[in-house]
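Asker: Contents of data_6.txt (compact mmCIF, C-alpha atoms and all ligand atoms):
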```txt
# COMPACT_ATOMS: atom_id res chain seq x y z
CA MET A 30 165.79 162.92 203.93
CA ARG A 31 167.56 160.14 205.77
CA ASN A 32 168.50 160.07 209.43
CA ILE A 33 171.74 158.14 209.63
CA LEU A 34 173.23 157.11 212.93
CA VAL A 35 177.01 156.80 212.63
CA THR A 36 178.60 155.24 215.71
CA GLY A 37 182.24 155.91 216.56
CA GLY A 38 182.25 159.00 214.35
CA ALA A 39 184.83 160.79 216.50
CA GLY A 40 187.44 158.08 215.90
CA PHE A 41 189.89 157.61 213.05
CA ILE A 42 187.78 156.09 210.27
CA GLY A 43 184.49 157.39 211.66
CA SER A 44 185.61 161.03 211.45
CA HIS A 45 186.60 160.63 207.79
CA LEU A 46 183.26 158.99 207.05
CA VAL A 47 181.21 161.60 208.92
CA ARG A 48 183.02 164.41 207.07
CA LEU A 49 182.36 162.73 203.73
CA LEU A 50 178.65 162.15 204.42
CA VAL A 51 177.95 165.58 205.95
CA ASN A 52 179.60 167.40 203.04
CA LYS A 53 178.36 165.19 200.23
CA TYR A 54 174.75 164.76 201.32
CA PRO A 55 173.28 168.02 202.68
CA ASP A 56 169.84 166.34 202.70
CA TYR A 57 170.91 163.64 205.10
CA HIS A 58 170.96 164.20 208.84
CA ILE A 59 174.13 162.59 210.23
CA ILE A 60 173.87 161.74 213.91
CA ASN A 61 177.26 160.87 215.36
CA MET A 62 177.05 158.74 218.51
CA ASP A 63 180.35 158.41 220.33
CA VAL A 64 181.28 158.05 224.00
CA LEU A 65 184.69 159.70 223.37
CA THR A 66 187.11 157.11 224.71
CA TYR A 67 190.85 157.84 224.48
CA ALA A 68 190.47 157.17 220.71
CA GLY A 69 187.56 159.54 220.12
CA ASN A 70 188.30 163.20 219.66
CA LEU A 71 185.93 165.97 218.58
CA GLU A 72 188.94 167.92 217.28
CA ASN A 73 188.82 165.45 214.37
CA LEU A 74 185.55 167.04 213.23
CA LYS A 75 186.11 170.74 213.93
CA ASP A 76 185.57 171.69 210.29
CA ILE A 77 182.03 170.30 210.12
CA GLU A 78 180.79 170.59 213.71
CA ASN A 79 178.51 173.55 212.95
CA LYS A 80 176.91 172.13 209.83
CA GLU A 81 173.13 172.05 209.95
CA ASN A 82 172.85 168.42 208.93
CA TYR A 83 175.19 167.20 211.70
CA THR A 84 174.45 166.31 215.33
CA PHE A 85 176.84 164.91 217.92
CA ILE A 86 175.56 162.79 220.79
CA LYS A 87 177.84 161.62 223.56
CA CYS A 88 176.56 158.16 224.34
CA ASP A 89 177.92 154.73 225.17
CA ILE A 90 176.57 152.21 222.64
CA CYS A 91 176.20 149.75 225.54
CA ASP A 92 173.65 152.05 227.22
CA VAL A 93 170.58 150.24 225.89
CA GLU A 94 168.05 152.75 227.20
CA LYS A 95 169.81 155.82 225.84
CA VAL A 96 170.49 154.15 222.50
CA ASN A 97 166.77 153.37 222.22
CA GLN A 98 165.86 156.97 223.03
CA VAL A 99 168.21 158.25 220.31
CA PHE A 100 166.64 155.92 217.74
CA LYS A 101 163.18 157.23 218.60
CA LYS A 102 164.04 160.91 219.00
CA TYR A 103 165.91 161.17 215.69
CA GLN A 104 163.78 158.64 213.79
CA ILE A 105 166.88 156.75 212.79
CA ASP A 106 166.38 154.83 209.55
CA SER A 107 169.96 153.72 208.93
CA VAL A 108 172.95 152.82 211.05
CA ILE A 109 176.59 152.76 210.05
CA HIS A 110 178.26 151.12 213.01
CA LEU A 111 181.96 151.77 213.58
CA ALA A 112 182.23 152.31 217.35
CA ALA A 113 184.62 149.75 218.75
CA GLU A 114 187.68 149.10 220.80
CA SER A 115 190.10 148.70 217.92
CA HIS A 116 193.67 148.06 219.06
CA VAL A 117 194.96 144.47 219.17
CA ASP A 118 197.64 145.18 221.81
CA ARG A 119 195.07 146.66 224.17
CA SER A 120 192.82 143.63 223.61
CA ILE A 121 195.63 141.37 224.79
CA LYS A 122 195.88 143.31 228.06
CA ASP A 123 192.14 143.86 228.58
CA PRO A 124 189.89 141.49 226.60
CA PHE A 125 186.77 142.28 228.67
CA SER A 126 186.41 145.83 227.41
CA PHE A 127 186.53 144.46 223.86
CA ALA A 128 183.74 141.97 224.55
CA ARG A 129 181.73 144.71 226.20
CA THR A 130 181.93 147.36 223.48
CA ASN A 131 182.35 145.24 220.37
CA VAL A 132 179.92 142.45 221.24
CA MET A 133 177.43 143.86 223.76
CA GLY A 134 177.51 147.33 222.18
CA THR A 135 176.71 145.89 218.76
CA LEU A 136 173.92 143.82 220.27
CA SER A 137 172.47 146.89 221.95
CA LEU A 138 172.34 148.73 218.59
CA LEU A 139 170.86 145.74 216.79
CA GLN A 140 168.18 145.41 219.44
CA ALA A 141 167.34 149.13 219.26
CA ALA A 142 167.06 148.93 215.46
CA LYS A 143 164.85 145.85 215.65
CA GLU A 144 162.56 147.36 218.27
CA THR A 145 162.30 150.81 216.73
CA TRP A 146 161.74 149.56 213.20
CA ASN A 147 159.35 146.94 214.54
CA GLY A 148 159.09 144.84 211.38
CA ASN A 149 158.80 147.83 209.04
CA PHE A 150 162.09 147.46 207.22
CA THR A 151 161.33 149.55 204.13
CA ASN A 152 164.25 151.94 203.48
CA LYS A 153 166.01 150.76 206.63
CA LEU A 154 169.60 149.54 206.86
CA PHE A 155 171.99 148.35 209.55
CA TYR A 156 175.52 148.59 208.11
CA HIS A 157 178.19 146.94 210.25
CA VAL A 158 181.81 147.95 209.68
CA SER A 159 184.21 145.12 210.40
CA THR A 160 187.76 143.99 209.81
CA ASP A 161 189.66 141.43 207.76
CA GLU A 162 191.22 140.20 211.02
CA VAL A 163 188.14 137.97 211.59
CA TYR A 164 189.52 135.68 208.85
CA GLY A 165 192.68 134.90 210.81
CA SER A 166 196.11 134.71 209.27
CA LEU A 167 197.42 133.81 205.81
CA GLU A 168 200.67 132.10 204.90
CA GLU A 169 202.67 133.60 202.05
CA GLU A 170 200.09 132.79 199.36
CA GLY A 171 196.38 133.51 198.87
CA PHE A 172 193.83 136.14 199.82
CA PHE A 173 190.83 136.50 202.13
CA THR A 174 187.57 136.38 200.16
CA GLU A 175 184.03 136.82 201.46
CA GLU A 176 183.84 133.00 201.65
CA THR A 177 186.92 132.54 203.85
CA ALA A 178 185.99 130.81 207.13
CA TYR A 179 186.30 132.89 210.28
CA ASP A 180 189.37 132.07 212.37
CA PRO A 181 190.13 134.98 214.71
CA HIS A 182 193.22 134.83 216.93
CA SER A 183 193.30 137.98 219.05
CA PRO A 184 190.68 139.05 221.58
CA TYR A 185 190.07 142.05 219.26
CA SER A 186 189.39 139.93 216.19
CA ALA A 187 187.38 137.41 218.24
CA SER A 188 185.14 140.23 219.48
CA LYS A 189 184.70 141.62 215.95
CA ALA A 190 183.95 138.11 214.62
CA SER A 191 181.35 137.70 217.33
CA SER A 192 179.74 141.03 216.43
CA ASP A 193 179.61 140.01 212.75
CA HIS A 194 177.85 136.78 213.76
CA PHE A 195 175.27 138.73 215.81
CA VAL A 196 174.56 141.01 212.85
CA ARG A 197 173.96 138.01 210.56
CA ALA A 198 171.89 136.31 213.25
CA PHE A 199 169.60 139.37 213.42
CA ALA A 200 169.18 139.23 209.64
CA ASP A 201 168.40 135.50 209.65
CA THR A 202 166.22 135.49 212.75
CA TYR A 203 164.32 138.79 212.60
CA GLY A 204 164.76 139.80 208.97
CA LEU A 205 166.80 142.89 209.88
CA PRO A 206 168.20 144.49 206.69
CA VAL A 207 171.96 144.32 207.15
CA VAL A 208 175.16 144.66 205.21
CA ILE A 209 178.71 144.00 206.46
CA SER A 210 182.09 145.07 205.14
CA ASN A 211 185.46 143.70 206.23
CA CYS A 212 188.36 146.02 205.57
CA SER A 213 192.13 145.72 205.72
CA ASN A 214 194.49 148.02 207.70
CA ASN A 215 193.77 151.73 207.21
CA TYR A 216 196.22 154.61 207.35
CA GLY A 217 195.90 158.38 207.09
CA SER A 218 195.27 161.50 209.19
CA TYR A 219 193.67 161.48 212.67
CA GLN A 220 194.73 157.92 213.57
CA PHE A 221 195.57 157.50 217.23
CA PRO A 222 199.34 157.03 217.67
CA GLU A 223 199.10 153.54 219.13
CA LYS A 224 198.76 151.95 215.68
CA LEU A 225 201.92 151.26 213.69
CA ILE A 226 201.99 154.17 211.22
CA PRO A 227 201.23 157.22 213.44
CA LEU A 228 203.16 155.71 216.38
CA PHE A 229 206.28 155.27 214.29
CA ILE A 230 206.00 158.67 212.56
CA ASN A 231 205.74 160.30 216.00
CA ASN A 232 208.69 158.30 217.33
CA ILE A 233 210.88 159.09 214.31
CA VAL A 234 210.15 162.81 214.71
CA ASN A 235 211.07 162.59 218.40
CA ASN A 236 214.11 160.30 217.93
CA LYS A 237 212.53 157.53 219.99
CA PRO A 238 213.11 153.78 219.43
CA LEU A 239 210.85 152.06 216.88
CA PRO A 240 209.62 148.84 218.53
CA VAL A 241 209.41 146.27 215.70
CA TYR A 242 207.56 143.17 216.89
CA GLY A 243 209.32 139.85 216.19
CA THR A 244 211.27 139.81 212.95
CA GLY A 245 209.28 142.55 211.20
CA GLU A 246 208.28 140.01 208.53
CA ASN A 247 204.52 140.25 209.19
CA VAL A 248 202.53 141.53 206.24
CA ARG A 249 199.59 143.95 206.21
CA ASP A 250 197.48 145.24 203.31
CA TRP A 251 197.26 149.03 203.69
CA LEU A 252 194.37 151.19 202.47
CA PHE A 253 194.15 154.99 202.61
CA VAL A 254 191.38 155.90 205.04
CA ASP A 255 189.47 158.14 202.61
CA ASP A 256 189.26 155.21 200.21
CA HIS A 257 187.66 153.17 203.00
CA ALA A 258 185.17 155.98 203.65
CA ARG A 259 184.34 156.08 199.92
CA ALA A 260 183.84 152.31 199.90
CA ILE A 261 181.43 152.58 202.85
CA ASP A 262 179.50 155.29 200.96
CA VAL A 263 179.24 153.03 197.89
CA ILE A 264 178.20 149.95 199.87
CA PHE A 265 175.74 151.92 201.99
CA HIS A 266 173.96 153.16 198.88
CA ASN A 267 174.36 150.25 196.46
CA GLY A 268 175.30 147.15 198.46
CA LYS A 269 172.88 144.22 198.35
CA LEU A 270 171.04 143.46 201.58
CA GLY A 271 172.48 140.53 203.50
CA GLU A 272 175.77 140.66 201.61
CA THR A 273 179.34 140.97 202.82
CA TYR A 274 181.95 143.03 200.96
CA ASN A 275 185.70 142.83 201.48
CA ILE A 276 187.57 146.13 201.17
CA GLY A 277 191.32 146.23 200.58
CA GLY A 278 194.06 148.03 198.79
CA PHE A 279 195.89 145.21 196.97
CA ASN A 280 198.82 146.86 198.72
CA GLU A 281 200.81 144.43 200.85
CA TRP A 282 203.83 145.50 202.85
CA LYS A 283 206.14 143.65 205.19
CA ASN A 284 206.27 145.72 208.38
CA ILE A 285 210.03 146.23 208.16
CA ASP A 286 209.84 147.49 204.56
CA LEU A 287 207.03 149.87 205.44
CA ILE A 288 209.00 151.14 208.44
CA LYS A 289 211.96 151.90 206.17
CA VAL A 290 209.69 153.92 203.86
CA MET A 291 208.38 155.88 206.86
CA ILE A 292 211.90 156.60 208.09
CA LYS A 293 213.00 157.83 204.68
CA THR A 294 209.92 160.00 204.23
CA VAL A 295 210.05 161.62 207.68
CA ASP A 296 213.81 162.27 207.46
CA ARG A 297 213.44 163.79 204.00
CA LEU A 298 210.48 166.01 204.94
CA LEU A 299 212.33 167.18 208.06
CA GLY A 300 215.42 167.97 205.99
CA ARG A 301 217.52 165.38 207.83
CA GLU A 302 220.32 163.51 206.10
CA GLU A 303 219.17 160.19 204.58
CA GLY A 304 219.62 157.29 207.02
CA THR A 305 219.60 159.52 210.14
CA SER A 306 216.82 157.56 211.83
CA ASP A 307 217.74 154.00 210.72
CA LYS A 308 219.37 153.47 214.11
CA LEU A 309 215.97 153.82 215.84
CA ILE A 310 214.81 150.40 214.56
CA THR A 311 214.62 148.16 217.64
CA TYR A 312 213.47 144.56 217.44
CA VAL A 313 211.34 143.66 220.48
CA THR A 314 209.46 140.59 221.74
CA ASP A 315 206.76 139.55 219.29
CA ARG A 316 203.09 140.27 219.91
CA ALA A 317 201.34 137.18 221.35
CA GLY A 318 199.30 135.38 218.66
CA HIS A 319 200.69 137.76 216.01
CA ASP A 320 198.96 137.07 212.67
CA LEU A 321 201.56 136.61 209.93
CA ARG A 322 199.78 138.03 206.93
CA TYR A 323 196.53 139.77 205.95
CA ALA A 324 195.63 140.25 202.29
CA ILE A 325 192.20 141.08 200.98
CA ASP A 326 190.63 140.14 197.68
CA SER A 327 188.25 143.05 197.07
CA SER A 328 187.27 142.03 193.53
CA LYS A 329 183.60 141.49 194.50
CA LEU A 330 183.37 145.15 195.49
CA LYS A 331 185.09 146.21 192.29
CA ASN A 332 183.07 143.96 189.97
CA GLU A 333 179.65 144.48 191.57
CA LEU A 334 179.81 148.07 192.81
CA GLY A 335 182.70 149.59 190.85
CA TRP A 336 184.83 150.66 193.83
CA GLU A 337 188.60 150.77 193.58
CA PRO A 338 191.29 152.38 195.74
CA SER A 339 192.11 155.82 194.36
CA LEU A 340 195.56 156.47 195.80
CA GLN A 341 198.90 154.84 195.14
CA PHE A 342 200.61 153.95 198.41
CA GLU A 343 203.63 156.20 197.76
CA GLU A 344 201.32 159.19 197.43
CA GLY A 345 199.22 158.15 200.43
CA ILE A 346 202.15 157.69 202.78
CA GLU A 347 203.69 161.00 201.68
CA LYS A 348 200.40 162.80 202.40
CA THR A 349 200.06 161.00 205.71
CA VAL A 350 203.55 161.77 206.98
CA ALA A 351 203.15 165.40 205.88
CA TRP A 352 199.84 165.64 207.77
CA TYR A 353 201.35 164.40 211.06
CA LEU A 354 204.30 166.77 210.66
CA GLU A 355 201.95 169.70 210.05
CA ASN A 356 199.61 168.74 212.87
CA GLN A 357 202.04 168.41 215.74
CA GLU A 358 199.51 170.16 217.99
CA TRP A 359 196.93 167.43 217.36
CA LEU A 360 199.57 164.80 218.17
CA ASP A 361 200.63 166.68 221.31
CA ASN A 362 197.02 166.89 222.47
CA VAL A 363 196.27 163.21 222.03
CA THR A 364 199.59 162.10 223.51
CA SER A 365 199.24 164.15 226.67
CA GLY A 366 197.53 162.67 229.73
CA ASP A 367 196.95 158.91 229.74
CA TYR A 368 199.09 158.28 226.66
CA GLN A 369 202.35 158.37 228.59
CA ALA A 370 201.05 155.76 231.04
CA TYR A 371 199.86 153.64 228.12
CA TYR A 372 203.27 153.84 226.45
CA GLN A 373 205.08 152.86 229.66
CA LYS A 374 202.77 149.89 230.17
CA MET A 375 203.09 148.60 226.60
CA TYR A 376 206.70 149.28 225.77
CA THR A 377 208.69 149.27 229.00
CA LYS A 378 209.49 145.97 230.60
P1 LIG B 401 189.18 154.09 216.61
O1 LIG B 401 189.66 153.34 217.80
O2 LIG B 401 190.02 155.17 216.03
O3 LIG B 401 187.77 154.79 216.95
C1 LIG B 401 186.77 154.12 217.65
C2 LIG B 401 185.71 155.15 218.04
O4 LIG B 401 184.66 154.45 218.74
C3 LIG B 401 186.23 156.23 218.99
O5 LIG B 401 185.76 157.50 218.59
C4 LIG B 401 185.65 155.83 220.34
O6 LIG B 401 185.42 156.95 221.21
C5 LIG B 401 184.34 155.16 219.93
N1 LIG B 401 183.86 154.22 220.94
C6 LIG B 401 184.58 153.23 221.54
N2 LIG B 401 183.81 152.60 222.44
C7 LIG B 401 182.58 153.17 222.39
C8 LIG B 401 181.35 152.95 223.07
N3 LIG B 401 181.24 152.00 224.01
N4 LIG B 401 180.30 153.72 222.76
C9 LIG B 401 180.39 154.71 221.82
N5 LIG B 401 181.52 154.98 221.15
C10 LIG B 401 182.61 154.21 221.44
O7 LIG B 401 188.80 152.99 215.54
P2 LIG B 401 188.94 153.01 213.95
O8 LIG B 401 190.29 152.59 213.59
O9 LIG B 401 188.39 154.29 213.43
O10 LIG B 401 187.96 151.82 213.57
C11 LIG B 401 186.56 152.05 213.37
C12 LIG B 401 185.89 150.73 213.01
O11 LIG B 401 186.48 150.21 211.83
C13 LIG B 401 186.03 149.66 214.09
O12 LIG B 401 184.82 148.97 214.16
C14 LIG B 401 187.16 148.77 213.57
O13 LIG B 401 186.98 147.45 214.03
C15 LIG B 401 186.93 148.87 212.08
N6 LIG B 401 188.15 148.69 211.26
C16 LIG B 401 189.29 149.40 211.52
C17 LIG B 401 190.40 149.23 210.70
C18 LIG B 401 191.66 150.03 210.92
O14 LIG B 401 192.67 149.78 210.24
N7 LIG B 401 191.70 151.00 211.80
C19 LIG B 401 190.36 148.33 209.65
C20 LIG B 401 189.19 147.61 209.41
C21 LIG B 401 188.08 147.81 210.22
P1 LIG B 402 198.69 147.69 214.08
O1 LIG B 402 198.79 149.06 213.50
O2 LIG B 402 198.52 147.55 215.57
O3 LIG B 402 197.49 146.99 213.30
P2 LIG B 402 197.00 145.42 213.34
O4 LIG B 402 197.69 144.71 214.43
O5 LIG B 402 195.55 145.57 213.61
O6 LIG B 402 197.33 144.88 211.99
O7 LIG B 402 199.97 146.86 213.67
C1 LIG B 402 200.34 146.69 212.31
C2 LIG B 402 201.54 145.75 212.27
O8 LIG B 402 202.65 146.38 212.91
C3 LIG B 402 201.30 144.45 213.04
O9 LIG B 402 201.95 143.38 212.35
C4 LIG B 402 202.00 144.68 214.37
C5 LIG B 402 203.15 145.61 214.01
N1 LIG B 402 203.56 146.55 215.09
C6 LIG B 402 204.89 146.61 215.49
O10 LIG B 402 205.77 145.90 214.97
N2 LIG B 402 205.22 147.48 216.50
C7 LIG B 402 204.31 148.28 217.11
O11 LIG B 402 204.67 149.04 218.04
C8 LIG B 402 202.95 148.23 216.66
C9 LIG B 402 201.88 149.08 217.29
C10 LIG B 402 202.61 147.34 215.64
```
For the file at hand, write its structure as structure tokens.

Answerer:
Amino acid sequence: MRNILVTGGAGFIGSHLVRLLVNKYPDYHIINMDVLTYAGNLENLKDIENKENYTFIKCDICDVEKVNQVFKKYQIDSVIHLAAESHVDRSIKDPFSFARTNVMGTLSLLQAAKETWNGNFTNKLFYHVSTDEVYGSLEEEGFFTEETAYDPHSPYSASKASSDHFVRAFADTYGLPVVISNCSNNYGSYQFPEKLIPLFINNIVNNKPLPVYGTGENVRDWLFVDDHARAIDVIFHNGKLGETYNIGGFNEWKNIDLIKVMIKTVDRLLGREEGTSDKLITYVTDRAGHDLRYAIDSSKLKNELGWEPSLQFEEGIEKTVAWYLENQEWLDNVTSGDYQAYYQKMYTK
């Protein structure tokens, strides 16, 4: 029996991970701690919410007292920490909330783990889920490895870099058993439509402009979300304490090329004539501090732990577009309320 605290389990990646763990390990008790911000949605976990080995707790990771109580009450022996503010554009408008959740929230969890485990670290693990954006930006050549120096440029990546440093500091200073993974851009079902792929699918469906930042030449390395969840499972069970693992898809796309694939796929699945939505492409002012290229070298994970991405991108994007088309109600629910105000603020001058 293990009592695993997953933070941010109602979000995009967290919900895929919670589903995987709850279904695959009936002997583990999965405790999902999430405060349910705009990005957290219990609808994402409807299919497993009544499972015996699953508990949801609405809690802000910055609430030190409550976090401590949860550790004690559920005898938490492992943490997989995903809760975060995760959108770069929001971090540009409101950096403080990123420092609060991503830095102070991580610190609050680390402190609770340290105090509850109180030096008895046998069979304990604090797994911190991070991003490749901490490494900064690449030119046209090369890859991020686990040795690449940190060089974050956005308030989001600066806050994640800071949280990574705190995790390592707790390992070095107090001996806390930790592991960190840094993953590239994820795509798949249940992603909030502020990120490129679900935002653009939703806009294509609704014949709305597609706001391409700058020239559309920026490159991202896309990984199917279930492959990320599988990687976390592998690292959680077999990763070496104190190590960092990069996770990526070896799947680089220029934004504009990816956008063209999305347009083609949505138009085809909706039975529209090819090229119908090309006219929606609209070049807009570039994102401030926009990183040119991310590309992950995940060969350490492959060589040491045997993980590889399972899906080809063509298959993944087809599945993803189909999911958003079939789950219009989910999209409608998450885009009601504050979403309209968000959209106005971000995309209307
Ligand atoms: P998300 O924004 O979809 O979900 C974040 C979740 O955290 C939400 O459920 C939200 O309610 C919860 N949360 C936010 N603040 C909280 C707080 N103070 N207390 C408790 N819960 C809180 O994010 P995501 O895309 O699923 O990312 C999850 C993690 O993976 C993050 O740490 C992110 O940095 C990292 N990551 C994401 C990507 C990606 O492409 N999305 C890539 C690499 C790493
Ligand atoms: P995003 O999904 O926000 O992920 P990240 O910034 O963390 O990589 O953006 C992916 C890429 O798409 C990034 O280069 C910015 C670009 N982008 C646009 O061109 N327009 C948009 O409206 C959004 C949200 C992103």

Asker: Check the smallest atom-to-atom distance from each of A:Asn52, A:Asn82, A:Asn214, A:Asn131 to ligand LIG 401 (chain B) using all atoms listed in the file, then report the winner.

Answerer: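 Among A:Asn52, A:Asn82, A:Asn214, A:Asn131, it is A:Asn214 that comes nearest to ligand LIG 401 (chain B).
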
Asker: Contacts of range 184-194 of chain A at 12 Å or less, counting all atoms listed in the file, minus same-chain residues fewer than 6 places along, as a PyMOL selection string?

Answerer: chain A and resi 110-139+155-166+178+200-202+207-212+271-273+317-320

Asker: Got a sec to check which residues lie within 9 Å of ligand LIG 402 (chain B), using all atoms listed in the file, and send them as an mmCIF file with C-alpha atoms, keeping the file's coordinate frame?

Answerer:
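Result file is pocket.cif:
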```cif
data_model
loop_
_atom_site.group_PDB
_atom_site.id
_atom_site.type_symbol
_atom_site.label_atom_id
_atom_site.label_comp_id
_atom_site.auth_asym_id
_atom_site.auth_seq_id
_atom_site.Cartn_x
_atom_site.Cartn_y
_atom_site.Cartn_z
ATOM 1 C CA SER A 115 190.100 148.700 217.920
ATOM 2 C CA HIS A 116 193.670 148.060 219.060
ATOM 3 C CA VAL A 117 194.960 144.470 219.170
ATOM 4 C CA ASP A 118 197.640 145.180 221.810
ATOM 5 C CA THR A 160 187.760 143.990 209.810
ATOM 6 C CA GLU A 162 191.220 140.200 211.020
ATOM 7 C CA TYR A 185 190.070 142.050 219.260
ATOM 8 C CA SER A 186 189.390 139.930 216.190
ATOM 9 C CA SER A 213 192.130 145.720 205.720
ATOM 10 C CA ASN A 214 194.490 148.020 207.700
ATOM 11 C CA ASN A 215 193.770 151.730 207.210
ATOM 12 C CA TYR A 216 196.220 154.610 207.350
ATOM 13 C CA PRO A 222 199.340 157.030 217.670
ATOM 14 C CA GLU A 223 199.100 153.540 219.130
ATOM 15 C CA LYS A 224 198.760 151.950 215.680
ATOM 16 C CA LEU A 225 201.920 151.260 213.690
ATOM 17 C CA ILE A 226 201.990 154.170 211.220
ATOM 18 C CA PRO A 227 201.230 157.220 213.440
ATOM 19 C CA LEU A 228 203.160 155.710 216.380
ATOM 20 C CA PHE A 229 206.280 155.270 214.290
ATOM 21 C CA LEU A 239 210.850 152.060 216.880
ATOM 22 C CA PRO A 240 209.620 148.840 218.530
ATOM 23 C CA VAL A 241 209.410 146.270 215.700
ATOM 24 C CA TYR A 242 207.560 143.170 216.890
ATOM 25 C CA GLY A 243 209.320 139.850 216.190
ATOM 26 C CA THR A 244 211.270 139.810 212.950
ATOM 27 C CA GLY A 245 209.280 142.550 211.200
ATOM 28 C CA GLU A 246 208.280 140.010 208.530
ATOM 29 C CA ASN A 247 204.520 140.250 209.190
ATOM 30 C CA VAL A 248 202.530 141.530 206.240
ATOM 31 C CA ARG A 249 199.590 143.950 206.210
ATOM 32 C CA ASP A 250 197.480 145.240 203.310
ATOM 33 C CA LYS A 283 206.140 143.650 205.190
ATOM 34 C CA ASN A 284 206.270 145.720 208.380
ATOM 35 C CA ILE A 285 210.030 146.230 208.160
ATOM 36 C CA ILE A 288 209.000 151.140 208.440
ATOM 37 C CA TYR A 312 213.470 144.560 217.440
ATOM 38 C CA VAL A 313 211.340 143.660 220.480
ATOM 39 C CA ASP A 315 206.760 139.550 219.290
ATOM 40 C CA ARG A 316 203.090 140.270 219.910
ATOM 41 C CA HIS A 319 200.690 137.760 216.010
ATOM 42 C CA ASP A 320 198.960 137.070 212.670
ATOM 43 C CA LEU A 321 201.560 136.610 209.930
ATOM 44 C CA ARG A 322 199.780 138.030 206.930
ATOM 45 C CA TYR A 323 196.530 139.770 205.950
ATOM 46 C CA MET A 375 203.090 148.600 226.600
ATOM 47 C CA TYR A 376 206.700 149.280 225.770
#
```

Asker: Pick out the residues sitting within 10 Å of Gln104 in chain A, and hand them over as an mmCIF file with C-alpha atoms, in the frame of the given file; count all atoms listed in the file, and ignore anything fewer than 6 positions along from it in its own chain.

Answerer:
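Printed below is around.cif as written:
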```
data_model
loop_
_atom_site.group_PDB
_atom_site.id
_atom_site.type_symbol
_atom_site.label_atom_id
_atom_site.label_comp_id
_atom_site.auth_asym_id
_atom_site.auth_seq_id
_atom_site.Cartn_x
_atom_site.Cartn_y
_atom_site.Cartn_z
ATOM 1 C CA ARG A 31 167.560 160.140 205.770
ATOM 2 C CA ASN A 32 168.500 160.070 209.430
ATOM 3 C CA ILE A 33 171.740 158.140 209.630
ATOM 4 C CA LEU A 34 173.230 157.110 212.930
ATOM 5 C CA GLN A 98 165.860 156.970 223.030
ATOM 6 C CA THR A 145 162.300 150.810 216.730
ATOM 7 C CA TRP A 146 161.740 149.560 213.200
#
```

Asker: In Å, how far is it from atom C5 of ligand LIG 401 (chain B) to CA of Val363 in chain A?

Answerer: 14.5 Å

Asker: Tell me which of A:Thr84, A:Ser218, A:Thr174, A:Asn79 sits closest to ligand LIG 401 (chain B), counting all atoms listed in the file.

Answerer: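 Nearest candidate to ligand LIG 401 (chain B) out of A:Thr84, A:Ser218, A:Thr174, A:Asn79: A:Ser218.
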
Asker: Restricting the calculation to only C-alpha atoms and all ligand atoms, which member of A:Ser328, A:Ser44, A:Ser306, A:Asn235 is positioned closest to ligand LIG 401 (chain B)?

Answerer: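 Answer, going by the shortest atom-to-atom distance: A:Ser44.
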
Asker: Which distance in Å separates CA of Trp336 in chain A and CA of Asn280 in chain A, to one decimal?

Answerer: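 Separation of CA of Trp336 in chain A and CA of Asn280 in chain A: 15.3 Å.
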
Asker: Quick check, in Å to one decimal: how far apart do CA of Glu337 in chain A and CA of Asp256 in chain A lie?

Answerer: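 Separation of CA of Glu337 in chain A and CA of Asp256 in chain A: 8.0 Å.
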
Asker: Looking at A:Ile310, A:Met30, A:Ile230, A:Ile86, which one is nearest to ligand LIG 401 (chain B), with distances taken over all atoms listed in the file?

Answerer: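 Of all the options, A:Ile86 lies closest to ligand LIG 401 (chain B).
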
Asker: Out of A:Glu303, A:Asp63, A:Glu170, A:Glu333, which residue has the shortest atom-to-atom distance to ligand LIG 401 (chain B) when counting only C-alpha atoms and all ligand atoms?

Answerer: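 With only C-alpha atoms and all ligand atoms as the atom set, the closest residue is A:Asp63.
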
Asker: Measuring atom to atom with all atoms listed in the file, identify which of A:Val350, A:Leu74, A:Val254, A:Ile59 is nearest to Ile105 in chain A.

Answerer: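 Between A:Val350, A:Leu74, A:Val254, A:Ile59, the residue approaching Ile105 in chain A most closely is A:Ile59.
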
Asker: What lies within 9 Å of Ala260 in chain A using all atoms listed in the file, ignoring chain neighbours under 5 positions off, as a PyMOL selection string?

Answerer: chain A and resi 255+265+276+330+336-338

Asker: Please return the centre and edge lengths, in Å to one decimal, of a box with edges along x, y and z that contains all listed atoms of range 242-252 of chain A, widened by 3 Å on every side, as JSON.

Answerer:
```
{"center_x": 202.8, "center_y": 145.5, "center_z": 209.7, "size_x": 22.9, "size_y": 17.4, "size_z": 20.4}
```

Asker: Name all residues at most 8 Å from Asp307 in chain A (count all atoms listed in the file; drop same-chain ones fewer than 3 positions away) and give them as a compact mmCIF listing (two decimals) with C-alpha atoms, keeping the file's coordinate frame.

Answerer:
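Just written: around-v7.txt:
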```txt
# COMPACT_ATOMS: atom_id res chain seq x y z
CA LYS A 289 211.96 151.90 206.17
CA ILE A 292 211.90 156.60 208.09
CA GLY A 304 219.62 157.29 207.02
CA ILE A 310 214.81 150.40 214.56
```

Asker: Which residues are close to Phe173 in chain A, i.e. within 6 Å by all atoms listed in the file, leaving aside same-chain residues fewer than 3 positions away? Reply as a PyMOL selection string.

Answerer: chain A and resi 177+325-326
